[in-house]
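Peer 1: Here you go, one structure.
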Amino acid sequence: MRLVSVPLGVVATLLVAFMVLTASARSFAALQPSGIPAWLQAHVGDGDGQISQVVLERARALYLKKVAQGAVSNPCYFAMDATRPSDLGNGVLGRRYYVMCEADHSFRAISSGHGSGRNLKGVVDFSNGKRCAKNFGNAMDSSLTAGGAYITREAKTSFKGFYRAGAKKDAAFLRTFIQFDGEGEAANARPRVIGGHAAQVLRATCMRKNPNSSYADRDGLVPFGKLVDYAGGRSNGCTSWSQADASQIIAMVKGNPTTLYIYPESRDIAAVAQAAKNHSASAPYWNASCLKEIGAPKFWPRKTLEPMIEQYRKDHPAAPPQPLPMCKES
């Protein structure tokens, strides 16, 4: 075999070119979100209906971790961005809850409520407005949203009462609740009764005689009231969806758990609050519109808030529950 001599200058040029191309490829790869497929990356952004980068990365990492552990096998997973506005105005709800099914390249953004918080008058106010959440926390009875990692668990369907569904037509209101189990700061999700459900509630106003109903009590009575939809409002700390969206989500996870990642966590809140205090432009992601509205977010830890709530309860005992009056027949 005849050996061909290559000038040293050519070798050097080729070597430099190879090094430049390799470095460029590495730089490009470093800029790409780790492992996120292109079709899903196309949904990333800070506009309505899009998912912000950090929220997607954490939600996907949680899902893949739980799949690898054998904890979930559902082909879909969820995320929520509680820094975004709930209400965009003119009756339009912000889409900040995400349903991702990578097997069929499916991405969907829907509305969801955030925790209302509470105003313990004369003691402390950690309530939230309807549009943007300022206060977050994991204290019992705080009605606050706690960010972090969750897994959907069992579904519980409860009868709440009857309501008028049409002309002289009554319907039973049954609401399904999906229990969440959380980790870390959200580990007390079960005792807090944190989960997901339709943003509907029955405001029972009276009791009716209906002894033939399977829902009647020992006296043959059933509650009757008005069905209220609060899809554009706040929750008691749970994840609430419109009735139509709730039906689809519940069907997806009933008997087949999956992961839910809620942003922000306390570390994000602390960093954003510190950046706002220092007037720093360097801070973790927060929805710009809501940050301008709330000024700076705050996380209320259990050890701080629970003693205050308990003391308020002792100082302001609730009145004994009163039985509902009988309905006036119409």
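Just remember, in the structure tokens the first chain shown is A, the second B, etc., residues are 1-based per chain, and ligands are 1-based in the order shown.
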Dump as JSON lines the rows for residues of stretch 60-152 of chain A within 10 Å of stretch 183-203 of chain A: closest atom pair and distance in Å with one decimal, only C-alpha atoms counted, ordered by chain and rising residue number.
Peer 2:
```
{"residue": "A:Ser112", "atom": "CA", "partner": "A:Ala199", "partner_atom": "CA", "distance": 8.5}
{"residue": "A:Gly113", "atom": "CA", "partner": "A:Ala199", "partner_atom": "CA", "distance": 7.9}
{"residue": "A:Gly137", "atom": "CA", "partner": "A:Glu185", "partner_atom": "CA", "distance": 8.7}
{"residue": "A:Asn138", "atom": "CA", "partner": "A:Ala186", "partner_atom": "CA", "distance": 6.5}
{"residue": "A:Ala139", "atom": "CA", "partner": "A:Arg192", "partner_atom": "CA", "distance": 8.1}
{"residue": "A:Met140", "atom": "CA", "partner": "A:Arg192", "partner_atom": "CA", "distance": 5.7}
{"residue": "A:Asp141", "atom": "CA", "partner": "A:Arg192", "partner_atom": "CA", "distance": 7.1}
{"residue": "A:Ser142", "atom": "CA", "partner": "A:Arg192", "partner_atom": "CA", "distance": 9.0}
{"residue": "A:Ser143", "atom": "CA", "partner": "A:Arg192", "partner_atom": "CA", "distance": 9.0}
{"residue": "A:Leu144", "atom": "CA", "partner": "A:Ile194", "partner_atom": "CA", "distance": 10.0}
{"residue": "A:Thr145", "atom": "CA", "partner": "A:Ile194", "partner_atom": "CA", "distance": 9.0}
{"residue": "A:Ala146", "atom": "CA", "partner": "A:Ala186", "partner_atom": "CA", "distance": 6.1}
{"residue": "A:Gly147", "atom": "CA", "partner": "A:Ala186", "partner_atom": "CA", "distance": 6.9}
{"residue": "A:Gly148", "atom": "CA", "partner": "A:Ala186", "partner_atom": "CA", "distance": 6.2}
{"residue": "A:Ala149", "atom": "CA", "partner": "A:Glu183", "partner_atom": "CA", "distance": 5.6}
{"residue": "A:Tyr150", "atom": "CA", "partner": "A:Glu183", "partner_atom": "CA", "distance": 6.4}
{"residue": "A:Ile151", "atom": "CA", "partner": "A:Glu183", "partner_atom": "CA", "distance": 8.8}
{"residue": "A:Thr152", "atom": "CA", "partner": "A:Gly195", "partner_atom": "CA", "distance": 7.7}
```
Peer 1: Grab the residues selected above and save them as a compact mmCIF listing (two decimals), in the first residue's frame with all heavy atoms.
Peer 2:
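So the final result, stored in part-v9.txt, reads:
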```txt
# COMPACT_ATOMS: atom_id res chain seq x y z
N SER A 112 -57.17 27.11 35.64
CA SER A 112 -57.17 26.46 36.96
C SER A 112 -57.11 27.54 38.03
O SER A 112 -56.47 28.57 37.85
CB SER A 112 -55.97 25.52 37.10
OG SER A 112 -55.95 24.93 38.39
N GLY A 113 -57.79 27.30 39.15
CA GLY A 113 -57.81 28.27 40.24
C GLY A 113 -56.59 28.16 41.13
O GLY A 113 -55.91 27.14 41.17
N GLY A 137 -48.24 28.87 50.53
CA GLY A 137 -47.86 28.24 51.78
C GLY A 137 -48.43 26.85 51.93
O GLY A 137 -49.26 26.40 51.13
N ASN A 138 -47.97 26.16 52.99
CA ASN A 138 -48.37 24.77 53.22
C ASN A 138 -48.99 24.55 54.59
O ASN A 138 -49.06 23.42 55.08
CB ASN A 138 -47.16 23.84 53.04
CG ASN A 138 -46.01 24.21 53.96
OD1 ASN A 138 -46.06 25.20 54.69
ND2 ASN A 138 -44.96 23.41 53.94
N ALA A 139 -49.46 25.62 55.24
CA ALA A 139 -50.05 25.49 56.57
C ALA A 139 -51.45 24.90 56.50
O ALA A 139 -52.21 25.15 55.55
CB ALA A 139 -50.09 26.84 57.27
N MET A 140 -51.80 24.12 57.51
CA MET A 140 -53.15 23.58 57.62
C MET A 140 -54.15 24.73 57.73
O MET A 140 -53.89 25.74 58.39
CB MET A 140 -53.26 22.70 58.87
CG MET A 140 -52.39 21.46 58.83
SD MET A 140 -52.99 20.20 57.68
CE MET A 140 -54.51 19.71 58.49
N ASP A 141 -55.29 24.58 57.04
CA ASP A 141 -56.39 25.55 57.08
C ASP A 141 -56.00 26.93 56.58
O ASP A 141 -56.63 27.93 56.95
CB ASP A 141 -56.97 25.66 58.50
CG ASP A 141 -57.47 24.33 59.04
OD1 ASP A 141 -58.09 23.59 58.26
OD2 ASP A 141 -57.23 24.04 60.22
N SER A 142 -54.97 27.00 55.74
CA SER A 142 -54.54 28.30 55.23
C SER A 142 -55.19 28.66 53.90
O SER A 142 -55.19 29.82 53.51
CB SER A 142 -53.01 28.31 55.06
OG SER A 142 -52.62 27.40 54.04
N SER A 143 -55.71 27.66 53.20
CA SER A 143 -56.30 27.86 51.87
C SER A 143 -55.30 28.45 50.89
O SER A 143 -55.66 29.21 49.98
CB SER A 143 -57.55 28.76 51.94
OG SER A 143 -58.58 28.12 52.66
N LEU A 144 -54.02 28.09 51.05
CA LEU A 144 -52.97 28.57 50.17
C LEU A 144 -52.47 27.46 49.25
O LEU A 144 -52.50 26.29 49.62
CB LEU A 144 -51.78 29.12 50.98
CG LEU A 144 -52.02 30.42 51.74
CD1 LEU A 144 -50.82 30.72 52.63
CD2 LEU A 144 -52.29 31.57 50.79
N THR A 145 -51.99 27.85 48.09
CA THR A 145 -51.37 26.92 47.16
C THR A 145 -49.93 26.67 47.57
O THR A 145 -49.21 27.61 47.90
CB THR A 145 -51.40 27.48 45.73
OG1 THR A 145 -52.76 27.60 45.30
CG2 THR A 145 -50.63 26.58 44.75
N ALA A 146 -49.51 25.41 47.58
CA ALA A 146 -48.12 25.05 47.86
C ALA A 146 -47.53 24.43 46.61
O ALA A 146 -48.03 23.44 46.10
CB ALA A 146 -48.05 24.07 49.03
N GLY A 147 -46.46 25.02 46.12
CA GLY A 147 -45.80 24.49 44.94
C GLY A 147 -44.99 23.24 45.26
O GLY A 147 -44.71 22.96 46.43
N GLY A 148 -44.62 22.50 44.22
CA GLY A 148 -43.80 21.32 44.41
C GLY A 148 -44.31 20.12 43.65
O GLY A 148 -45.09 20.23 42.70
N ALA A 149 -43.85 18.93 44.08
CA ALA A 149 -44.13 17.68 43.38
C ALA A 149 -45.32 16.95 44.00
O ALA A 149 -45.39 16.78 45.22
CB ALA A 149 -42.90 16.77 43.44
N TYR A 150 -46.23 16.50 43.14
CA TYR A 150 -47.41 15.76 43.58
C TYR A 150 -47.62 14.54 42.68
O TYR A 150 -47.18 14.51 41.54
CB TYR A 150 -48.67 16.63 43.49
CG TYR A 150 -48.70 17.83 44.40
CD1 TYR A 150 -48.16 19.05 43.99
CD2 TYR A 150 -49.31 17.77 45.66
CE1 TYR A 150 -48.21 20.17 44.82
CE2 TYR A 150 -49.37 18.88 46.47
CZ TYR A 150 -48.81 20.08 46.05
OH TYR A 150 -48.87 21.18 46.87
N ILE A 151 -48.36 13.57 43.24
CA ILE A 151 -48.85 12.43 42.45
C ILE A 151 -50.35 12.34 42.70
O ILE A 151 -50.81 12.45 43.84
CB ILE A 151 -48.18 11.10 42.86
CG1 ILE A 151 -46.70 11.12 42.47
CG2 ILE A 151 -48.86 9.92 42.19
CD1 ILE A 151 -45.96 9.82 42.78
N THR A 152 -51.12 12.18 41.63
CA THR A 152 -52.57 12.02 41.78
C THR A 152 -52.86 10.64 42.37
O THR A 152 -52.18 9.67 42.04
CB THR A 152 -53.28 12.16 40.43
OG1 THR A 152 -52.85 11.11 39.55
CG2 THR A 152 -52.97 13.51 39.78
```
Peer 1: Residues near A:Gln248, anyone? I mean within 12 Å using only C-alpha atoms, not counting same-chain ones fewer than 4 positions away, as a PDB file with N, CA, C and O atoms, in the first residue's frame.
Peer 2:
```
ATOM      1  N   VAL A  99     -51.525  19.825  30.337  1.00  0.00           N
ATOM      2  CA  VAL A  99     -51.671  18.378  30.181  1.00  0.00           C
ATOM      3  C   VAL A  99     -50.777  17.957  29.021  1.00  0.00           C
ATOM      4  O   VAL A  99     -50.988  18.387  27.882  1.00  0.00           O
ATOM      5  N   ARG A 108     -51.874  20.434  25.980  1.00  0.00           N
ATOM      6  CA  ARG A 108     -53.093  21.208  26.169  1.00  0.00           C
ATOM      7  C   ARG A 108     -52.945  22.116  27.364  1.00  0.00           C
ATOM      8  O   ARG A 108     -52.411  21.700  28.412  1.00  0.00           O
ATOM      9  N   ILE A 110     -55.124  24.661  29.989  1.00  0.00           N
ATOM     10  CA  ILE A 110     -56.469  24.981  30.443  1.00  0.00           C
ATOM     11  C   ILE A 110     -56.392  25.900  31.664  1.00  0.00           C
ATOM     12  O   ILE A 110     -55.319  26.146  32.205  1.00  0.00           O
ATOM     13  N   THR A 176     -66.541  14.803  42.014  1.00  0.00           N
ATOM     14  CA  THR A 176     -65.418  13.880  42.201  1.00  0.00           C
ATOM     15  C   THR A 176     -64.168  14.661  42.595  1.00  0.00           C
ATOM     16  O   THR A 176     -63.845  15.682  41.988  1.00  0.00           O
ATOM     17  N   HIS A 197     -60.449  19.034  41.550  1.00  0.00           N
ATOM     18  CA  HIS A 197     -61.889  18.820  41.377  1.00  0.00           C
ATOM     19  C   HIS A 197     -62.471  19.919  40.499  1.00  0.00           C
ATOM     20  O   HIS A 197     -61.803  20.922  40.200  1.00  0.00           O
ATOM     21  N   ALA A 198     -63.715  19.738  40.097  1.00  0.00           N
ATOM     22  CA  ALA A 198     -64.395  20.763  39.306  1.00  0.00           C
ATOM     23  C   ALA A 198     -64.633  22.001  40.160  1.00  0.00           C
ATOM     24  O   ALA A 198     -64.892  21.904  41.362  1.00  0.00           O
ATOM     25  N   TRP A 241     -60.729  22.965  38.263  1.00  0.00           N
ATOM     26  CA  TRP A 241     -60.879  23.119  36.815  1.00  0.00           C
ATOM     27  C   TRP A 241     -62.337  23.369  36.461  1.00  0.00           C
ATOM     28  O   TRP A 241     -63.236  23.123  37.267  1.00  0.00           O
ATOM     29  N   SER A 242     -62.587  23.815  35.240  1.00  0.00           N
ATOM     30  CA  SER A 242     -63.964  23.924  34.764  1.00  0.00           C
ATOM     31  C   SER A 242     -64.578  22.526  34.741  1.00  0.00           C
ATOM     32  O   SER A 242     -63.854  21.527  34.709  1.00  0.00           O
ATOM     33  N   GLN A 243     -65.886  22.457  34.734  1.00  0.00           N
ATOM     34  CA  GLN A 243     -66.557  21.155  34.760  1.00  0.00           C
ATOM     35  C   GLN A 243     -66.153  20.296  33.568  1.00  0.00           C
ATOM     36  O   GLN A 243     -65.868  19.103  33.709  1.00  0.00           O
ATOM     37  N   ALA A 244     -66.097  20.894  32.380  1.00  0.00           N
ATOM     38  CA  ALA A 244     -65.744  20.134  31.179  1.00  0.00           C
ATOM     39  C   ALA A 244     -64.319  19.612  31.264  1.00  0.00           C
ATOM     40  O   ALA A 244     -64.050  18.441  30.948  1.00  0.00           O
ATOM     41  N   MET A 252     -58.736  10.644  32.957  1.00  0.00           N
ATOM     42  CA  MET A 252     -57.359  10.297  32.615  1.00  0.00           C
ATOM     43  C   MET A 252     -56.613   9.657  33.785  1.00  0.00           C
ATOM     44  O   MET A 252     -55.761   8.785  33.580  1.00  0.00           O
ATOM     45  N   VAL A 253     -56.933  10.097  35.018  1.00  0.00           N
ATOM     46  CA  VAL A 253     -56.121   9.662  36.165  1.00  0.00           C
ATOM     47  C   VAL A 253     -56.849   8.709  37.113  1.00  0.00           C
ATOM     48  O   VAL A 253     -56.234   8.174  38.035  1.00  0.00           O
ATOM     49  N   LYS A 254     -58.130   8.487  36.895  1.00  0.00           N
ATOM     50  CA  LYS A 254     -58.876   7.595  37.778  1.00  0.00           C
ATOM     51  C   LYS A 254     -58.330   6.171  37.657  1.00  0.00           C
ATOM     52  O   LYS A 254     -58.409   5.542  36.613  1.00  0.00           O
TER      53      LYS A 254
END
```
Peer 1: Can you tell me which residues surround A:Lys160 at a distance of at most 8 Å, considering only C-alpha atoms, apart from same-chain residues fewer than 6 positions away, and format the answer as a ChimeraX atom specification?
Peer 2: /A:172-175,202,223
Peer 1: Give me the residues near stretch 164-168 of chain A as a list in words, where near means some atom within 9 Å (using only C-alpha atoms) and where sequence neighbours in that chain fewer than 3 positions away do not count.
Peer 2: Ala171, Phe224, Gly225, Lys226, Leu227 and Ser330 of chain A
Peer 1: Find the residues around A:Tyr77 up to 8 Å (only C-alpha atoms counted), leave out those fewer than 3 positions away in its own chain, and share them as a PDB file with N, CA and C atoms, in the first residue's frame.
Peer 2:
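around_25.pdb was written with the following content:
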```pdb
ATOM      1  N   ALA A  59     -41.440  19.772  35.551  1.00  0.00           N
ATOM      2  CA  ALA A  59     -42.570  18.841  35.438  1.00  0.00           C
ATOM      3  C   ALA A  59     -42.145  17.562  34.729  1.00  0.00           C
ATOM      4  N   ARG A  60     -41.370  17.717  33.668  1.00  0.00           N
ATOM      5  CA  ARG A  60     -40.922  16.553  32.896  1.00  0.00           C
ATOM      6  C   ARG A  60     -39.932  15.712  33.692  1.00  0.00           C
ATOM      7  N   TYR A  63     -41.863  13.673  36.222  1.00  0.00           N
ATOM      8  CA  TYR A  63     -42.576  12.567  35.573  1.00  0.00           C
ATOM      9  C   TYR A  63     -41.633  11.426  35.207  1.00  0.00           C
ATOM     10  N   ASN A  74     -48.859   6.213  33.709  1.00  0.00           N
ATOM     11  CA  ASN A  74     -49.770   6.994  32.877  1.00  0.00           C
ATOM     12  C   ASN A  74     -48.971   7.666  31.757  1.00  0.00           C
ATOM     13  N   VAL A  99     -51.525  19.825  30.337  1.00  0.00           N
ATOM     14  CA  VAL A  99     -51.671  18.378  30.181  1.00  0.00           C
ATOM     15  C   VAL A  99     -50.777  17.957  29.021  1.00  0.00           C
ATOM     16  N   MET A 100     -49.777  17.126  29.320  1.00  0.00           N
ATOM     17  CA  MET A 100     -48.809  16.715  28.301  1.00  0.00           C
ATOM     18  C   MET A 100     -48.787  15.192  28.165  1.00  0.00           C
ATOM     19  N   CYS A 101     -48.969  14.724  26.938  1.00  0.00           N
ATOM     20  CA  CYS A 101     -48.942  13.299  26.637  1.00  0.00           C
ATOM     21  C   CYS A 101     -47.930  13.105  25.505  1.00  0.00           C
ATOM     22  N   THR A 258     -50.695   9.830  37.996  1.00  0.00           N
ATOM     23  CA  THR A 258     -49.606  10.483  37.276  1.00  0.00           C
ATOM     24  C   THR A 258     -49.059  11.615  38.126  1.00  0.00           C
ATOM     25  N   THR A 259     -48.109  12.349  37.577  1.00  0.00           N
ATOM     26  CA  THR A 259     -47.456  13.410  38.338  1.00  0.00           C
ATOM     27  C   THR A 259     -48.039  14.777  38.009  1.00  0.00           C
ATOM     28  N   LEU A 260     -47.954  15.663  38.978  1.00  0.00           N
ATOM     29  CA  LEU A 260     -48.309  17.069  38.808  1.00  0.00           C
ATOM     30  C   LEU A 260     -47.210  17.895  39.458  1.00  0.00           C
TER      31      LEU A 260
END
```
Peer 1: What's the separation between atom CA of A:Trp39 and atom CA of A:Ala82, in Å to one decimal place?
Peer 2: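 Between atom CA of A:Trp39 and atom CA of A:Ala82 the gap works out to 23.9 Å.
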Peer 1: Using only C-alpha atoms for the distances, tell me which of A:Phe136, A:Asn278, A:Asp219, A:Ser235 is nearest to A:Gly115.
Peer 2: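 The answer is A:Ser235, which sits nearest to A:Gly115.
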Peer 1: Mind giving me the straight-line distance from atom CA of A:Trp300 to atom CA of A:Asn135 in Å, one decimal?
Peer 2: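 Distance reported for this atom pair: 7.3 Å.
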Peer 1: Counting only C-alpha atoms, which residue out of A:Ala276, A:Val228, A:Leu324, A:Ile262 sits closest to A:Val55?
Peer 2: A:Ile262
Peer 1: Can you list, as a list in words, every protein, DNA or RNA residue that comes within 10 Å of A:Gly129 when you count only C-alpha atoms, leaving out same-chain residues fewer than 4 positions away?
Peer 2: Ser86, His114, Gly115, Ser116, Gly117, Ala133, Lys134, Asn135, Gly233, Arg234 and Ile294 of chain A
Peer 1: If you count only C-alpha atoms, which residues fall within 12 Å of A:Pro284, apart from same-chain ones fewer than 3 positions away, as JSON, numbers by chain?
Peer 2: {"A": [52, 53, 54, 55, 83, 263, 264, 265, 266, 267, 268, 269, 270, 271, 272, 273, 274, 275, 276, 280, 281, 287, 288, 291]}
Peer 1: Please produce a file of those selected residues containing C-alpha atoms, as a PDB file, in the first residue's frame.
Peer 2:
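The result, written out as again-v4.pdb:
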```pdb
ATOM      1  CA  SER A  52     -42.568  28.556  30.647  1.00  0.00           C
ATOM      2  CA  GLN A  53     -39.239  26.763  30.315  1.00  0.00           C
ATOM      3  CA  VAL A  54     -38.514  26.115  33.995  1.00  0.00           C
ATOM      4  CA  VAL A  55     -42.038  24.802  34.608  1.00  0.00           C
ATOM      5  CA  THR A  83     -47.484  32.746  38.912  1.00  0.00           C
ATOM      6  CA  TYR A 263     -44.631  26.156  40.211  1.00  0.00           C
ATOM      7  CA  PRO A 264     -43.400  28.110  42.232  1.00  0.00           C
ATOM      8  CA  GLU A 265     -41.700  26.446  45.190  1.00  0.00           C
ATOM      9  CA  SER A 266     -40.612  28.366  48.292  1.00  0.00           C
ATOM     10  CA  ARG A 267     -37.047  28.686  46.938  1.00  0.00           C
ATOM     11  CA  ASP A 268     -38.357  30.431  43.828  1.00  0.00           C
ATOM     12  CA  ILE A 269     -40.582  32.721  45.886  1.00  0.00           C
ATOM     13  CA  ALA A 270     -37.713  33.678  48.192  1.00  0.00           C
ATOM     14  CA  ALA A 271     -35.399  34.412  45.269  1.00  0.00           C
ATOM     15  CA  VAL A 272     -37.977  36.529  43.429  1.00  0.00           C
ATOM     16  CA  ALA A 273     -38.863  38.436  46.622  1.00  0.00           C
ATOM     17  CA  GLN A 274     -35.169  39.116  47.303  1.00  0.00           C
ATOM     18  CA  ALA A 275     -34.606  40.312  43.744  1.00  0.00           C
ATOM     19  CA  ALA A 276     -37.596  42.646  44.035  1.00  0.00           C
ATOM     20  CA  SER A 280     -32.295  43.252  40.742  1.00  0.00           C
ATOM     21  CA  ALA A 281     -32.990  42.208  37.185  1.00  0.00           C
ATOM     22  CA  ASN A 287     -45.084  36.028  35.222  1.00  0.00           C
ATOM     23  CA  ALA A 288     -44.295  39.669  34.504  1.00  0.00           C
ATOM     24  CA  LEU A 291     -45.278  40.364  39.459  1.00  0.00           C
TER      25      LEU A 291
END
```
Peer 1: Got a sec to tell me which of stretch 44-228 of chain A DSSP assigns to strand (DSSP E or B), as an MDAnalysis selection string?
Peer 2: chainID A and resid 44 51 76:81 87:89 92:93 97:101 106:110 115 119:120 124:125 135:137 148:166 169:182 195:198 200:209 221:228
Peer 1: Tell me, which residues of stretch 170-288 of chain A carry DSSP alpha helix (DSSP H), written as a PyMOL selection string?
Peer 2: chain A and resi 243-253+266-277+288
Peer 1: Would you compute the distance between atom CA of A:Glu306 and atom CA of A:Phe180? Give it in Å to one decimal.
Peer 2: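 A separation of 20.8 Å between them.
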Peer 1: Of the candidates A:Pro320, A:Cys290, A:Ala79, A:Gly70, which one gets nearest to A:Arg58 if we count only C-alpha atoms?
Peer 2: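 Among the listed residues, the smallest separation from A:Arg58 belongs to A:Ala79.
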Peer 1: I need the residue nearest A:Ser247 from this list: A:Asn128, A:Leu93, A:Phe177, A:Pro37. Use only C-alpha atoms for the distance.
Peer 2: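 Among the listed residues, A:Phe177 lies closest to A:Ser247.
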